[in-house]
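Enquirer: Structure supplied as upload_37.cif; contents: mmCIF, C-alpha atoms and all ligand atoms.
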```cif
data_model
loop_
_atom_site.label_atom_id
_atom_site.label_comp_id
_atom_site.auth_asym_id
_atom_site.auth_seq_id
_atom_site.Cartn_x
_atom_site.Cartn_y
_atom_site.Cartn_z
CA MET A 294 100.67 111.66 -43.32
CA ILE A 295 101.66 108.23 -42.07
CA THR A 296 101.64 105.07 -44.18
CA GLY A 297 101.52 101.92 -42.05
CA VAL A 298 99.53 103.79 -39.41
CA THR A 299 97.95 100.54 -38.14
CA GLY A 300 101.37 98.99 -37.33
CA GLN A 301 103.43 99.19 -34.16
CA ASP A 302 105.39 102.30 -35.13
CA GLY A 303 102.37 103.97 -36.75
CA ALA A 304 100.52 103.74 -33.45
CA TYR A 305 103.38 105.28 -31.43
CA LEU A 306 104.18 107.94 -34.03
CA SER A 307 100.52 109.00 -34.31
CA ARG A 308 100.37 109.56 -30.56
CA LEU A 309 103.62 111.50 -30.60
CA LEU A 310 102.54 113.79 -33.45
CA LEU A 311 99.09 114.37 -31.95
CA SER A 312 100.75 115.33 -28.66
CA LYS A 313 102.75 117.93 -30.60
CA GLY A 314 99.60 119.44 -32.09
CA TYR A 315 99.80 117.87 -35.57
CA THR A 316 96.82 116.76 -37.59
CA VAL A 317 97.61 113.16 -38.55
CA HIS A 318 96.35 111.49 -41.72
CA GLY A 319 96.88 107.73 -41.57
CA ILE A 320 96.74 105.41 -44.56
CA LYS A 321 95.32 101.99 -43.84
CA ARG A 322 94.59 99.10 -46.15
CA ARG A 323 91.31 97.37 -46.49
CA SER A 324 91.17 94.12 -44.53
CA SER A 325 88.39 91.58 -44.01
CA SER A 326 89.06 91.68 -40.27
CA PHE A 327 89.74 94.65 -38.01
CA ASN A 328 93.30 95.96 -38.36
CA THR A 329 93.01 99.15 -36.32
CA GLY A 330 93.36 97.61 -32.84
CA ARG A 331 96.53 99.59 -32.07
CA ILE A 332 94.96 102.97 -32.87
CA ASP A 333 91.30 102.48 -31.94
CA ASP A 334 91.70 104.55 -28.79
CA ILE A 335 92.90 107.60 -30.74
CA TYR A 336 90.49 107.23 -33.64
CA GLN A 337 88.19 110.18 -33.96
CA ASP A 338 84.82 110.09 -35.60
CA LEU A 339 84.90 111.82 -38.97
CA HIS A 340 81.71 113.57 -38.00
CA GLU A 341 83.42 115.40 -35.18
CA ASN A 342 84.38 119.00 -35.85
CA GLU A 343 87.84 119.16 -37.40
CA PRO A 344 89.19 115.77 -36.27
CA ARG A 345 92.98 115.73 -35.85
CA PHE A 346 93.34 112.00 -36.55
CA VAL A 347 91.92 110.92 -39.90
CA LEU A 348 92.15 107.53 -41.55
CA HIS A 349 92.06 106.97 -45.31
CA TYR A 350 92.00 103.78 -47.34
CA GLY A 351 95.06 103.34 -49.54
CA ASP A 352 97.74 100.85 -50.46
CA LEU A 353 101.42 101.20 -51.31
CA THR A 354 100.92 98.84 -54.24
CA ASP A 355 98.28 101.15 -55.76
CA ALA A 356 99.81 104.28 -57.28
CA THR A 357 96.43 105.84 -57.99
CA SER A 358 95.45 105.76 -54.33
CA ILE A 359 98.81 107.23 -53.29
CA ILE A 360 98.58 110.13 -55.76
CA ARG A 361 94.96 110.86 -54.84
CA LEU A 362 95.70 110.89 -51.09
CA ILE A 363 98.74 113.14 -51.30
CA GLN A 364 96.80 115.48 -53.58
CA THR A 365 93.87 115.62 -51.16
CA VAL A 366 95.76 115.82 -47.87
CA GLU A 367 98.64 118.08 -49.04
CA PRO A 368 100.84 116.88 -46.18
CA ASP A 369 103.84 118.79 -44.83
CA GLU A 370 105.51 115.58 -43.67
CA ILE A 371 105.16 112.01 -44.91
CA TYR A 372 106.39 109.11 -42.78
CA ASN A 373 106.56 105.97 -44.93
CA LEU A 374 106.22 103.19 -42.36
CA GLY A 375 104.04 100.89 -44.48
CA ALA A 376 105.71 97.63 -45.44
CA GLN A 377 105.49 93.86 -45.47
CA SER A 378 107.85 93.96 -42.53
CA HIS A 379 108.38 90.30 -41.60
CA VAL A 380 111.77 89.02 -42.74
CA GLN A 381 110.84 85.32 -42.79
CA VAL A 382 107.55 86.00 -44.59
CA SER A 383 109.51 87.87 -47.27
CA PHE A 384 111.06 84.55 -48.32
CA GLU A 385 107.50 83.23 -48.89
CA THR A 386 106.17 86.36 -50.63
CA PRO A 387 109.25 87.96 -52.22
CA GLU A 388 107.45 89.62 -55.13
CA TYR A 389 104.76 91.22 -52.98
CA THR A 390 107.45 92.35 -50.52
CA ALA A 391 109.38 94.03 -53.34
CA ASN A 392 106.21 95.65 -54.63
CA ALA A 393 105.20 97.16 -51.28
CA ASP A 394 108.62 97.77 -49.69
CA ALA A 395 110.65 98.85 -52.72
CA ILE A 396 108.33 100.12 -55.46
CA GLY A 397 105.96 101.47 -52.81
CA VAL A 398 108.64 104.00 -51.84
CA LEU A 399 109.07 104.99 -55.47
CA ARG A 400 105.31 105.46 -55.84
CA LEU A 401 105.26 107.91 -52.93
CA LEU A 402 108.27 109.85 -54.18
CA GLU A 403 106.92 110.00 -57.73
CA ALA A 404 103.52 111.12 -56.48
CA ILE A 405 105.20 114.00 -54.63
CA ARG A 406 107.08 114.92 -57.82
CA ILE A 407 104.08 114.60 -60.16
CA LEU A 408 102.04 116.79 -57.84
CA GLY A 409 104.74 119.48 -57.81
CA MET A 410 105.31 119.15 -54.07
CA THR A 411 109.05 118.39 -53.99
CA GLN A 412 109.81 121.61 -52.15
CA LYS A 413 106.83 121.38 -49.79
CA VAL A 414 106.90 117.84 -48.40
CA ARG A 415 109.44 116.38 -45.99
CA PHE A 416 109.74 112.61 -46.54
CA TYR A 417 110.87 109.99 -44.00
CA GLN A 418 111.73 106.48 -45.19
CA ALA A 419 111.64 103.60 -42.68
CA SER A 420 114.98 102.00 -43.47
CA THR A 421 116.36 99.17 -41.42
CA SER A 422 119.38 97.49 -39.88
CA GLU A 423 118.47 94.52 -42.12
CA LEU A 424 120.33 96.47 -44.83
CA TYR A 425 123.59 95.49 -43.09
CA GLY A 426 122.73 91.78 -43.24
CA GLN A 427 125.91 89.76 -43.43
CA VAL A 428 128.35 91.27 -40.97
CA GLN A 429 130.79 93.66 -42.67
CA GLU A 430 131.71 95.69 -39.61
CA VAL A 431 130.61 96.15 -35.97
CA PRO A 432 129.11 98.32 -34.67
CA GLN A 433 127.12 99.43 -37.71
CA SER A 434 126.99 103.12 -38.60
CA GLU A 435 125.78 105.28 -41.50
CA ASN A 436 129.06 104.42 -43.27
CA THR A 437 128.92 100.62 -42.95
CA PRO A 438 128.47 98.85 -46.31
CA PHE A 439 125.14 97.09 -46.93
CA TYR A 440 124.78 93.35 -47.61
CA PRO A 441 121.08 92.40 -47.22
CA ARG A 442 120.22 88.76 -46.59
CA SER A 443 116.50 88.48 -47.39
CA PRO A 444 113.98 89.62 -50.01
CA TYR A 445 112.84 92.10 -47.33
CA GLY A 446 116.35 93.47 -46.89
CA VAL A 447 116.88 93.71 -50.65
CA ALA A 448 113.55 95.51 -51.15
CA LYS A 449 114.44 97.94 -48.35
CA LEU A 450 117.81 98.53 -50.03
CA TYR A 451 115.95 99.87 -53.06
CA GLY A 452 113.79 102.01 -50.75
CA TYR A 453 116.91 103.43 -49.11
CA TRP A 454 118.64 104.32 -52.36
CA ILE A 455 115.60 105.70 -54.19
CA THR A 456 115.09 108.03 -51.23
CA VAL A 457 118.72 109.20 -51.51
CA ASN A 458 118.32 109.51 -55.27
CA TYR A 459 115.21 111.73 -55.12
CA ARG A 460 116.99 113.93 -52.58
CA GLU A 461 120.01 114.30 -54.85
CA SER A 462 118.06 114.56 -58.12
CA TYR A 463 115.22 116.88 -57.15
CA GLY A 464 116.47 118.61 -54.01
CA MET A 465 113.75 116.97 -51.93
CA PHE A 466 113.86 116.80 -48.15
CA ALA A 467 113.97 113.00 -48.21
CA ALA A 468 115.72 111.18 -45.37
CA ASN A 469 116.32 107.63 -44.15
CA GLY A 470 116.15 106.46 -40.57
CA ILE A 471 118.15 103.23 -40.36
CA LEU A 472 116.41 101.75 -37.34
CA PHE A 473 117.61 98.74 -35.41
CA ASN A 474 115.00 96.38 -33.89
CA HIS A 475 112.51 98.13 -31.66
CA GLU A 476 109.78 96.45 -29.72
CA SER A 477 106.89 97.19 -27.38
CA PRO A 478 103.68 95.63 -26.10
CA LEU A 479 102.25 96.64 -29.51
CA ARG A 480 104.83 94.57 -31.43
CA GLY A 481 103.34 92.11 -33.96
CA GLU A 482 102.80 88.68 -32.40
CA THR A 483 105.06 86.78 -34.82
CA PHE A 484 108.25 88.79 -34.25
CA VAL A 485 110.50 86.91 -31.88
CA THR A 486 110.31 89.23 -28.86
CA ARG A 487 106.52 89.38 -28.73
CA LYS A 488 106.25 85.68 -29.53
CA ILE A 489 108.43 85.01 -26.49
CA THR A 490 106.70 87.41 -24.09
CA ARG A 491 103.26 86.14 -25.11
CA ALA A 492 104.32 82.52 -24.62
CA VAL A 493 105.93 83.25 -21.25
CA ALA A 494 102.74 84.97 -20.10
CA THR A 495 100.52 82.18 -21.38
CA ILE A 496 102.71 79.57 -19.66
CA ALA A 497 102.50 81.55 -16.42
CA ALA A 498 98.71 81.62 -16.77
CA GLY A 499 98.69 77.87 -17.34
CA GLY A 500 97.62 77.94 -20.99
CA GLN A 501 100.65 76.78 -23.02
CA ASP A 502 103.40 74.25 -22.40
CA ILE A 503 106.18 74.80 -24.86
CA LEU A 504 107.59 77.72 -26.83
CA TYR A 505 108.99 76.68 -30.23
CA LEU A 506 111.73 78.91 -31.64
CA GLY A 507 114.33 78.95 -34.42
CA ASN A 508 117.84 80.38 -34.16
CA LEU A 509 118.60 81.21 -30.51
CA ASP A 510 122.09 82.50 -31.34
CA ALA A 511 121.01 85.48 -33.45
CA GLN A 512 122.06 88.75 -31.81
CA ARG A 513 119.95 91.86 -32.01
CA ASP A 514 120.14 95.45 -30.78
CA TRP A 515 116.67 95.83 -29.22
CA GLY A 516 115.17 99.13 -28.07
CA HIS A 517 111.72 100.52 -27.28
CA ALA A 518 109.53 101.73 -30.18
CA ARG A 519 108.52 104.88 -28.28
CA ASP A 520 112.12 106.14 -28.33
CA TYR A 521 112.52 105.38 -32.04
CA VAL A 522 109.45 107.29 -33.26
CA GLU A 523 110.85 110.34 -31.46
CA GLY A 524 113.96 109.80 -33.62
CA MET A 525 111.85 109.70 -36.81
CA TRP A 526 110.32 113.05 -35.94
CA ARG A 527 113.73 114.58 -35.21
CA VAL A 528 114.99 113.42 -38.61
CA LEU A 529 112.35 115.56 -40.32
CA GLN A 530 112.94 118.58 -38.05
CA HIS A 531 116.71 118.62 -38.76
CA THR A 532 118.10 121.44 -40.87
CA ALA A 533 119.14 119.10 -43.71
CA PRO A 534 117.86 115.79 -45.12
CA GLU A 535 120.34 113.09 -44.13
CA ASP A 536 120.49 109.41 -43.17
CA TRP A 537 120.60 108.33 -39.55
CA VAL A 538 121.23 105.22 -37.46
CA PHE A 539 119.05 104.64 -34.39
CA GLY A 540 119.82 101.88 -31.91
CA THR A 541 121.00 101.27 -28.36
CA GLY A 542 124.58 100.22 -29.11
CA LYS A 543 124.08 96.97 -27.18
CA THR A 544 123.37 93.51 -28.50
CA HIS A 545 121.90 90.33 -27.00
CA THR A 546 121.06 86.82 -28.20
CA VAL A 547 117.52 85.54 -28.64
CA ARG A 548 118.43 82.99 -25.94
CA HIS A 549 119.16 85.82 -23.48
CA PHE A 550 115.83 87.45 -24.31
CA VAL A 551 114.09 84.16 -23.47
CA GLU A 552 115.89 84.01 -20.11
CA LEU A 553 114.96 87.61 -19.25
CA ALA A 554 111.31 87.04 -20.16
CA PHE A 555 110.96 83.90 -18.03
CA ALA A 556 112.74 85.68 -15.18
CA GLU A 557 109.93 88.24 -15.18
CA THR A 558 107.58 85.45 -14.06
CA GLY A 559 110.04 84.14 -11.47
CA ARG A 560 111.28 81.25 -13.63
CA ARG A 561 114.87 80.35 -14.49
CA ILE A 562 115.60 78.52 -17.75
CA GLU A 563 118.36 75.93 -17.95
CA TRP A 564 119.67 74.89 -21.37
CA THR A 565 120.82 71.43 -22.44
CA GLY A 566 121.77 69.98 -25.84
CA THR A 567 122.93 71.82 -28.95
CA GLY A 568 121.56 72.85 -32.36
CA VAL A 569 118.07 71.55 -33.13
CA ASP A 570 118.26 69.38 -29.99
CA GLU A 571 118.70 72.28 -27.63
CA ILE A 572 116.05 72.34 -24.91
CA GLY A 573 115.17 74.95 -22.31
CA ARG A 574 113.81 73.58 -19.02
CA ASP A 575 112.34 75.21 -15.98
CA ALA A 576 115.30 74.96 -13.59
CA GLU A 577 113.03 74.30 -10.64
CA THR A 578 110.47 71.83 -11.99
CA GLY A 579 112.43 70.32 -14.89
CA GLU A 580 109.51 70.91 -17.26
CA VAL A 581 110.46 71.51 -20.91
CA ARG A 582 109.62 75.10 -21.80
CA VAL A 583 111.59 75.81 -25.01
CA ARG A 584 112.26 73.60 -28.03
CA ILE A 585 113.77 74.27 -31.44
CA ASP A 586 111.60 74.00 -34.53
CA PRO A 587 113.76 74.18 -37.68
CA ARG A 588 110.80 75.65 -39.56
CA TYR A 589 111.73 78.95 -37.96
CA PHE A 590 115.27 78.90 -39.38
CA ARG A 591 115.71 81.32 -42.26
CA PRO A 592 117.24 80.43 -45.64
CA ALA A 593 119.84 83.13 -44.91
CA GLU A 594 120.29 84.63 -41.45
CA VAL A 595 121.50 87.96 -40.11
CA ASP A 596 123.74 86.89 -37.24
CA LEU A 597 124.78 90.05 -35.46
CA LEU A 598 123.39 93.56 -35.34
CA ILE A 599 124.73 96.30 -33.11
CA ALA A 600 124.23 99.99 -33.75
CA ASP A 601 126.62 102.88 -33.61
CA PRO A 602 124.06 105.67 -33.04
CA SER A 603 126.66 108.33 -32.29
CA LYS A 604 125.64 110.61 -35.20
CA ALA A 605 122.01 110.76 -33.97
CA ARG A 606 123.23 111.34 -30.43
CA ARG A 607 125.57 114.13 -31.50
CA GLU A 608 123.42 115.96 -34.06
CA LEU A 609 119.83 115.14 -33.09
CA ASN A 610 120.42 114.89 -29.35
CA TRP A 611 118.67 111.51 -29.53
CA GLN A 612 119.33 108.68 -27.12
CA HIS A 613 117.42 105.54 -26.19
CA SER A 614 115.83 105.74 -22.75
CA VAL A 615 114.69 102.15 -22.20
CA GLU A 616 117.14 99.31 -21.49
CA LEU A 617 116.41 95.74 -22.53
CA LYS A 618 115.42 94.47 -19.09
CA GLU A 619 112.88 97.27 -18.70
CA LEU A 620 111.51 96.62 -22.19
CA VAL A 621 111.08 92.90 -21.48
CA ALA A 622 109.37 93.69 -18.17
CA GLU A 623 106.88 96.01 -19.86
CA MET A 624 106.10 93.48 -22.61
CA VAL A 625 105.67 90.53 -20.23
CA ALA A 626 103.49 92.59 -17.88
CA ALA A 627 101.19 93.61 -20.75
CA ASP A 628 100.98 90.03 -22.03
CA LEU A 629 100.24 88.72 -18.54
CA VAL A 630 97.19 90.98 -18.40
CA GLU A 631 96.08 89.59 -21.79
CA ALA A 632 96.80 85.98 -20.83
CA ARG A 633 94.85 86.20 -17.57
CA ARG A 634 91.93 87.77 -19.42
P1 LIG A 701 104.36 96.55 -38.69
O1 LIG A 701 104.46 95.28 -39.45
O2 LIG A 701 103.85 96.55 -37.30
O3 LIG A 701 103.45 97.57 -39.53
C1 LIG A 701 103.52 97.64 -40.92
C2 LIG A 701 102.41 98.55 -41.43
O4 LIG A 701 102.44 98.57 -42.85
C3 LIG A 701 101.00 98.07 -41.03
O5 LIG A 701 100.21 99.20 -40.79
C4 LIG A 701 100.53 97.39 -42.31
O6 LIG A 701 99.14 97.32 -42.44
C5 LIG A 701 101.13 98.32 -43.34
N1 LIG A 701 101.20 97.77 -44.67
C6 LIG A 701 101.65 96.55 -45.06
N2 LIG A 701 101.55 96.41 -46.39
C7 LIG A 701 101.03 97.56 -46.85
C8 LIG A 701 100.66 98.02 -48.14
N3 LIG A 701 100.81 97.27 -49.22
N4 LIG A 701 100.15 99.26 -48.26
C9 LIG A 701 99.97 100.05 -47.15
N5 LIG A 701 100.28 99.68 -45.92
C10 LIG A 701 100.82 98.44 -45.77
O7 LIG A 701 105.82 97.23 -38.75
P2 LIG A 701 106.51 98.22 -37.69
O8 LIG A 701 105.53 99.21 -37.23
O9 LIG A 701 107.29 97.42 -36.73
O10 LIG A 701 107.59 98.93 -38.64
C11 LIG A 701 107.29 100.13 -39.34
C12 LIG A 701 108.25 100.28 -40.51
O11 LIG A 701 109.57 100.33 -40.05
C13 LIG A 701 108.20 99.14 -41.52
O12 LIG A 701 108.44 99.70 -42.80
C14 LIG A 701 109.37 98.25 -41.12
O13 LIG A 701 109.83 97.53 -42.23
C15 LIG A 701 110.35 99.30 -40.64
N6 LIG A 701 111.28 98.89 -39.62
C16 LIG A 701 110.83 98.32 -38.46
C17 LIG A 701 111.71 98.01 -37.44
C18 LIG A 701 111.26 97.38 -36.16
O14 LIG A 701 112.11 96.86 -35.42
N7 LIG A 701 109.97 97.43 -35.81
C19 LIG A 701 113.16 98.29 -37.59
C20 LIG A 701 113.51 98.92 -38.84
C21 LIG A 701 112.60 99.21 -39.80
P3 LIG A 701 98.26 96.13 -41.71
O15 LIG A 701 98.12 96.56 -40.27
O16 LIG A 701 96.99 96.18 -42.48
O17 LIG A 701 99.05 94.88 -41.87
P1 LIG A 702 114.03 90.61 -37.52
O1 LIG A 702 113.00 90.30 -36.33
O2 LIG A 702 114.13 89.52 -38.48
O3 LIG A 702 115.29 91.07 -36.86
O4 LIG A 702 113.30 91.83 -38.25
P2 LIG A 702 112.41 88.95 -35.75
O5 LIG A 702 111.93 89.27 -34.40
O6 LIG A 702 111.46 88.32 -36.70
O7 LIG A 702 113.70 87.99 -35.67
C1 LIG A 702 114.82 88.31 -34.85
C2 LIG A 702 115.75 87.13 -34.78
O8 LIG A 702 115.14 86.09 -34.03
C3 LIG A 702 115.35 84.86 -34.70
N1 LIG A 702 114.31 83.90 -34.31
C4 LIG A 702 112.99 84.01 -34.60
N2 LIG A 702 112.30 84.97 -35.24
C5 LIG A 702 110.95 84.82 -35.34
N3 LIG A 702 110.22 85.78 -35.93
N4 LIG A 702 110.30 83.70 -34.84
C6 LIG A 702 110.97 82.70 -34.20
O9 LIG A 702 110.38 81.73 -33.77
C7 LIG A 702 112.38 82.86 -34.06
N5 LIG A 702 113.35 82.11 -33.47
C8 LIG A 702 114.50 82.75 -33.62
C9 LIG A 702 115.33 85.21 -36.17
O10 LIG A 702 115.94 84.20 -36.95
C10 LIG A 702 116.11 86.53 -36.15
O11 LIG A 702 117.47 86.29 -36.20
C11 LIG A 702 112.69 92.88 -37.50
C12 LIG A 702 111.51 93.42 -38.32
O12 LIG A 702 110.78 94.33 -37.53
C13 LIG A 702 111.98 94.12 -39.57
O13 LIG A 702 110.88 94.75 -40.22
C14 LIG A 702 113.02 95.18 -39.17
O14 LIG A 702 113.50 95.81 -40.34
C15 LIG A 702 114.16 94.55 -38.39
O15 LIG A 702 113.62 93.92 -37.24
C16 LIG A 702 115.17 95.58 -37.94
#
```
Written as structure tokens, how would this file's structure read?
Expert:
Amino acid sequence: MITGVTGQDGAYLSRLLLSKGYTVHGIKRRSSSFNTGRIDDIYQDLHENEPRFVLHYGDLTDATSIIRLIQTVEPDEIYNLGAQSHVQVSFETPEYTANADAIGVLRLLEAIRILGMTQKVRFYQASTSELYGQVQEVPQSENTPFYPRSPYGVAKLYGYWITVNYRESYGMFAANGILFNHESPLRGETFVTRKITRAVATIAAGGQDILYLGNLDAQRDWGHARDYVEGMWRVLQHTAPEDWVFGTGKTHTVRHFVELAFAETGRRIEWTGTGVDEIGRDAETGEVRVRIDPRYFRPAEVDLLIADPSKARRELNWQHSVELKELVAEMVAADLVEARR
């Protein structure tokens, strides 16, 4: 069972599990517009004989739906990927974010307990490098102290600890993957990487002039989502329920990501000015391509994330396979196809 099946990771994880022979039950929420674009190609008609990919309506803020679905599906593994996952949006909707991202985890764990399935179900919680927040130590490992910097990070902190607590209290196989940023052509359009690759592609196709961004100095450890869902699966196949860091061990600024993305379309960006007056120009034509819009600054920022994934490498034999340049190339190429269409 996958919550958040319609999101980036849900789409990659569904494919991975189907390829391994699983039957996948995805939980999606009701929306007034289509929200299944990332999984439409694997959706199977319910009327087919024994479909292996089944979607159910449910919501992490609705305990009744969670209990009913777990009771009906009787899953062996639950991957809790559902969340209000946008850090900046969490400052605008802090209460909803806490409800879905913190109490939502509790609802799942309690449902498992109420239904007497603590010894049957293996539970994966989508924890995040946002738990580290304000830099305490670099690189960040399973032993680095947490200091979240957003309502999202604080909600995820609860999700992390309630998962640990149910493991310790009830002997559940409940584990956290502490995942650093991972991206793909399926990444949501308002996260910075996809926002950049879409804008670069649209500019190349002649449809947009300027890309407006916030903090260009933030440093992130970016990998490819496909590698990270493999990590999630390995967490639940391990002999014991533990907590694991997944990342590449390399970090780059948002500014560098911008440069790499433009380079994919044969453009070089030259920077002038500082702070909100910083401007990125096309080095050849002099046209302004990037400007700062302070609206994208966050009330509190996470400046530097860099993973120490050595435990996952050592004990799960997990390693990222896609470097940043390759990731950017794949994202820009996919967005160029979209932009030209
Ligand atoms: P997305 O934002 O792409 O997907 C989030 C999913 O959660 C969507 O399917 C969304 O549904 C669903 N959802 C949102 N609110 C609810 C709710 N109340 N009830 C049920 N489902 C809900 O995120 P990603 O795929 O990128 O991330 C997956 C998980 O991993 C998230 O929990 C995220 O916080 C966490 N994470 C992500 C990282 C990353 O770099 N991508 C890194 C570390 C952790 P809808 O499609 O209808 O909006
Ligand atoms: P993040 O991802 O906050 O790390 O959370 P995001 O791509 O939103 O921001 C990364 C960094 O880029 C800076 N930034 C901008 N961000 C956005 N969205 N839009 C902009 O215009 C912009 N300009 C600069 C941000 O300030 C930030 O420093 C993601 C999510 O997937 C979380 O769910 C997940 O837990 C973490 O990654 C790990």
Enquirer: Please give me, as number ranges by chain, the residues lying within 6 Å of ligand LIG 701 (chain A) when counting all atoms listed in the file.
Expert: A: 296-303, 321-322, 328, 352-354, 374-378, 393, 419-421, 472-475, 481
Enquirer: Quick one: which chain A residues come within 8 Å of ligand LIG 702 (chain A), and what is the nearest atom pair for each with the distance in Å to one decimal, counting only C-alpha atoms and all ligand atoms, rows ordered by chain and ascending number, as a Markdown table?
Expert:
```
| residue | atom | partner | partner_atom | distance |
| --- | --- | --- | --- | --- |
| A:Ala376 | CA | A:LIG702 | O13 | 7.9 |
| A:Gln377 | CA | A:LIG702 | O13 | 7.6 |
| A:Ser378 | CA | A:LIG702 | O13 | 3.9 |
| A:His379 | CA | A:LIG702 | O13 | 5.3 |
| A:Val380 | CA | A:LIG702 | O2 | 4.9 |
| A:Gln381 | CA | A:LIG702 | O6 | 6.8 |
| A:Ser420 | CA | A:LIG702 | O14 | 7.1 |
| A:Thr421 | CA | A:LIG702 | O14 | 4.5 |
| A:Ser422 | CA | A:LIG702 | C16 | 5.0 |
| A:Glu423 | CA | A:LIG702 | C16 | 5.4 |
| A:Tyr445 | CA | A:LIG702 | O13 | 7.8 |
| A:Gly446 | CA | A:LIG702 | O14 | 7.5 |
| A:Leu472 | CA | A:LIG702 | C16 | 6.3 |
| A:Phe473 | CA | A:LIG702 | C16 | 4.7 |
| A:Asn474 | CA | A:LIG702 | C16 | 4.1 |
| A:His475 | CA | A:LIG702 | O15 | 7.1 |
| A:Thr483 | CA | A:LIG702 | N3 | 5.4 |
| A:Phe484 | CA | A:LIG702 | O5 | 3.7 |
| A:Val485 | CA | A:LIG702 | O5 | 3.7 |
| A:Thr486 | CA | A:LIG702 | O5 | 5.8 |
| A:Arg487 | CA | A:LIG702 | O5 | 7.8 |
| A:Lys488 | CA | A:LIG702 | N4 | 7.0 |
| A:Tyr505 | CA | A:LIG702 | O9 | 6.3 |
| A:Leu506 | CA | A:LIG702 | O9 | 3.8 |
| A:Gly507 | CA | A:LIG702 | N5 | 3.4 |
| A:Asn508 | CA | A:LIG702 | C8 | 4.1 |
| A:Leu509 | CA | A:LIG702 | C8 | 5.4 |
| A:Asp510 | CA | A:LIG702 | O11 | 7.7 |
| A:Ala511 | CA | A:LIG702 | O11 | 4.6 |
| A:Gln512 | CA | A:LIG702 | O11 | 6.8 |
| A:Arg513 | CA | A:LIG702 | O3 | 6.8 |
| A:Val547 | CA | A:LIG702 | O8 | 5.9 |
| A:Asp586 | CA | A:LIG702 | O9 | 7.9 |
| A:Tyr589 | CA | A:LIG702 | O9 | 5.2 |
| A:Phe590 | CA | A:LIG702 | O10 | 5.9 |
| A:Arg591 | CA | A:LIG702 | O10 | 6.0 |
| A:Glu594 | CA | A:LIG702 | O11 | 6.2 |
| A:Val595 | CA | A:LIG702 | O11 | 5.9 |
| A:Asp596 | CA | A:LIG702 | O11 | 6.4 |
```
Enquirer: Compile the contact shell of Val317 (chain A) as an MDAnalysis selection string: residues with an atom at most 9 Å away, counting only C-alpha atoms, same-chain residues fewer than 3 positions apart removed.
Expert: chainID A and resid 294:295 307 310:311 345:348
Enquirer: What's around Asn392 (chain A) at 10 Å? Count only C-alpha atoms, leave out sequence neighbours fewer than 2 positions away in its own chain, and write the answer as a ChimeraX atom specification.
Expert: /A:353-355,376-377,387-390,394-400,448
Enquirer: Using only C-alpha atoms for the distances, tell me which of A:Ala605, A:Tyr459, A:Arg588, A:Val615 is nearest to Arg519 (chain A).
Expert: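 Closest residue, counting only C-alpha atoms: A:Val615.
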Enquirer: Which one is closest to Arg574 (chain A): A:Asp502, A:Arg491, A:Phe539, A:Arg606? Count only C-alpha atoms.
Expert: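 Looking only at the distances to Arg574 (chain A), the closest residue turns out to be A:Asp502.
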Enquirer: What does the distance from CA of Glu370 (chain A) to CA of Phe327 (chain A) come to in Å, to one decimal?
Expert: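 Taking CA of Glu370 (chain A) as the start and CA of Phe327 (chain A) as the end point, the length is 26.8 Å.
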Enquirer: Find the residues near Arg460 (chain A): any atom within 12 Å, counting only C-alpha atoms, skip ones fewer than 6 places away on the same chain, and give them as a list of chain:residue names.
Expert: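 Final neighbour list, sorted by chain and number: A:Leu402, A:Glu403, A:Ile405, A:Arg406, A:Thr411, A:Gln412, A:Val414, A:Arg415, A:Phe416, A:Tyr417, A:Gln418, A:Tyr453, A:Trp454, A:Phe466, A:Ala467, A:Ala468, A:Asn469, A:Ala533, A:Pro534, A:Glu535, A:Asp536.
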Enquirer: Just the selected residues (C-alpha atoms), exported as a tab-separated table (two decimals), keeping the file's coordinate frame, please.
Expert:
```tsv
chain	number	residue	atom	x	y	z
A	402	LEU	CA	108.27	109.85	-54.18
A	403	GLU	CA	106.92	110.00	-57.73
A	405	ILE	CA	105.20	114.00	-54.63
A	406	ARG	CA	107.08	114.92	-57.82
A	411	THR	CA	109.05	118.39	-53.99
A	412	GLN	CA	109.81	121.61	-52.15
A	414	VAL	CA	106.90	117.84	-48.40
A	415	ARG	CA	109.44	116.38	-45.99
A	416	PHE	CA	109.74	112.61	-46.54
A	417	TYR	CA	110.87	109.99	-44.00
A	418	GLN	CA	111.73	106.48	-45.19
A	453	TYR	CA	116.91	103.43	-49.11
A	454	TRP	CA	118.64	104.32	-52.36
A	466	PHE	CA	113.86	116.80	-48.15
A	467	ALA	CA	113.97	113.00	-48.21
A	468	ALA	CA	115.72	111.18	-45.37
A	469	ASN	CA	116.32	107.63	-44.15
A	533	ALA	CA	119.14	119.10	-43.71
A	534	PRO	CA	117.86	115.79	-45.12
A	535	GLU	CA	120.34	113.09	-44.13
A	536	ASP	CA	120.49	109.41	-43.17
```
Enquirer: Considering only C-alpha atoms, return as a PyMOL selection string whatever protein or nucleic-acid residues lie within 9 Å of Asp628 (chain A), sequence-local ones (same chain, fewer than 2 positions apart) excluded.
Expert: chain A and resi 478+487+490-495+623-626+630-633
Enquirer: I need the chosen residues saved as a CSV table (one decimal), in the coordinates of the input, with C-alpha atoms.
Expert:
```
chain,number,residue,atom,x,y,z
A,478,PRO,CA,103.7,95.6,-26.1
A,487,ARG,CA,106.5,89.4,-28.7
A,490,THR,CA,106.7,87.4,-24.1
A,491,ARG,CA,103.3,86.1,-25.1
A,492,ALA,CA,104.3,82.5,-24.6
A,493,VAL,CA,105.9,83.2,-21.2
A,494,ALA,CA,102.7,85.0,-20.1
A,495,THR,CA,100.5,82.2,-21.4
A,623,GLU,CA,106.9,96.0,-19.9
A,624,MET,CA,106.1,93.5,-22.6
A,625,VAL,CA,105.7,90.5,-20.2
A,626,ALA,CA,103.5,92.6,-17.9
A,630,VAL,CA,97.2,91.0,-18.4
A,631,GLU,CA,96.1,89.6,-21.8
A,632,ALA,CA,96.8,86.0,-20.8
A,633,ARG,CA,94.8,86.2,-17.6
```
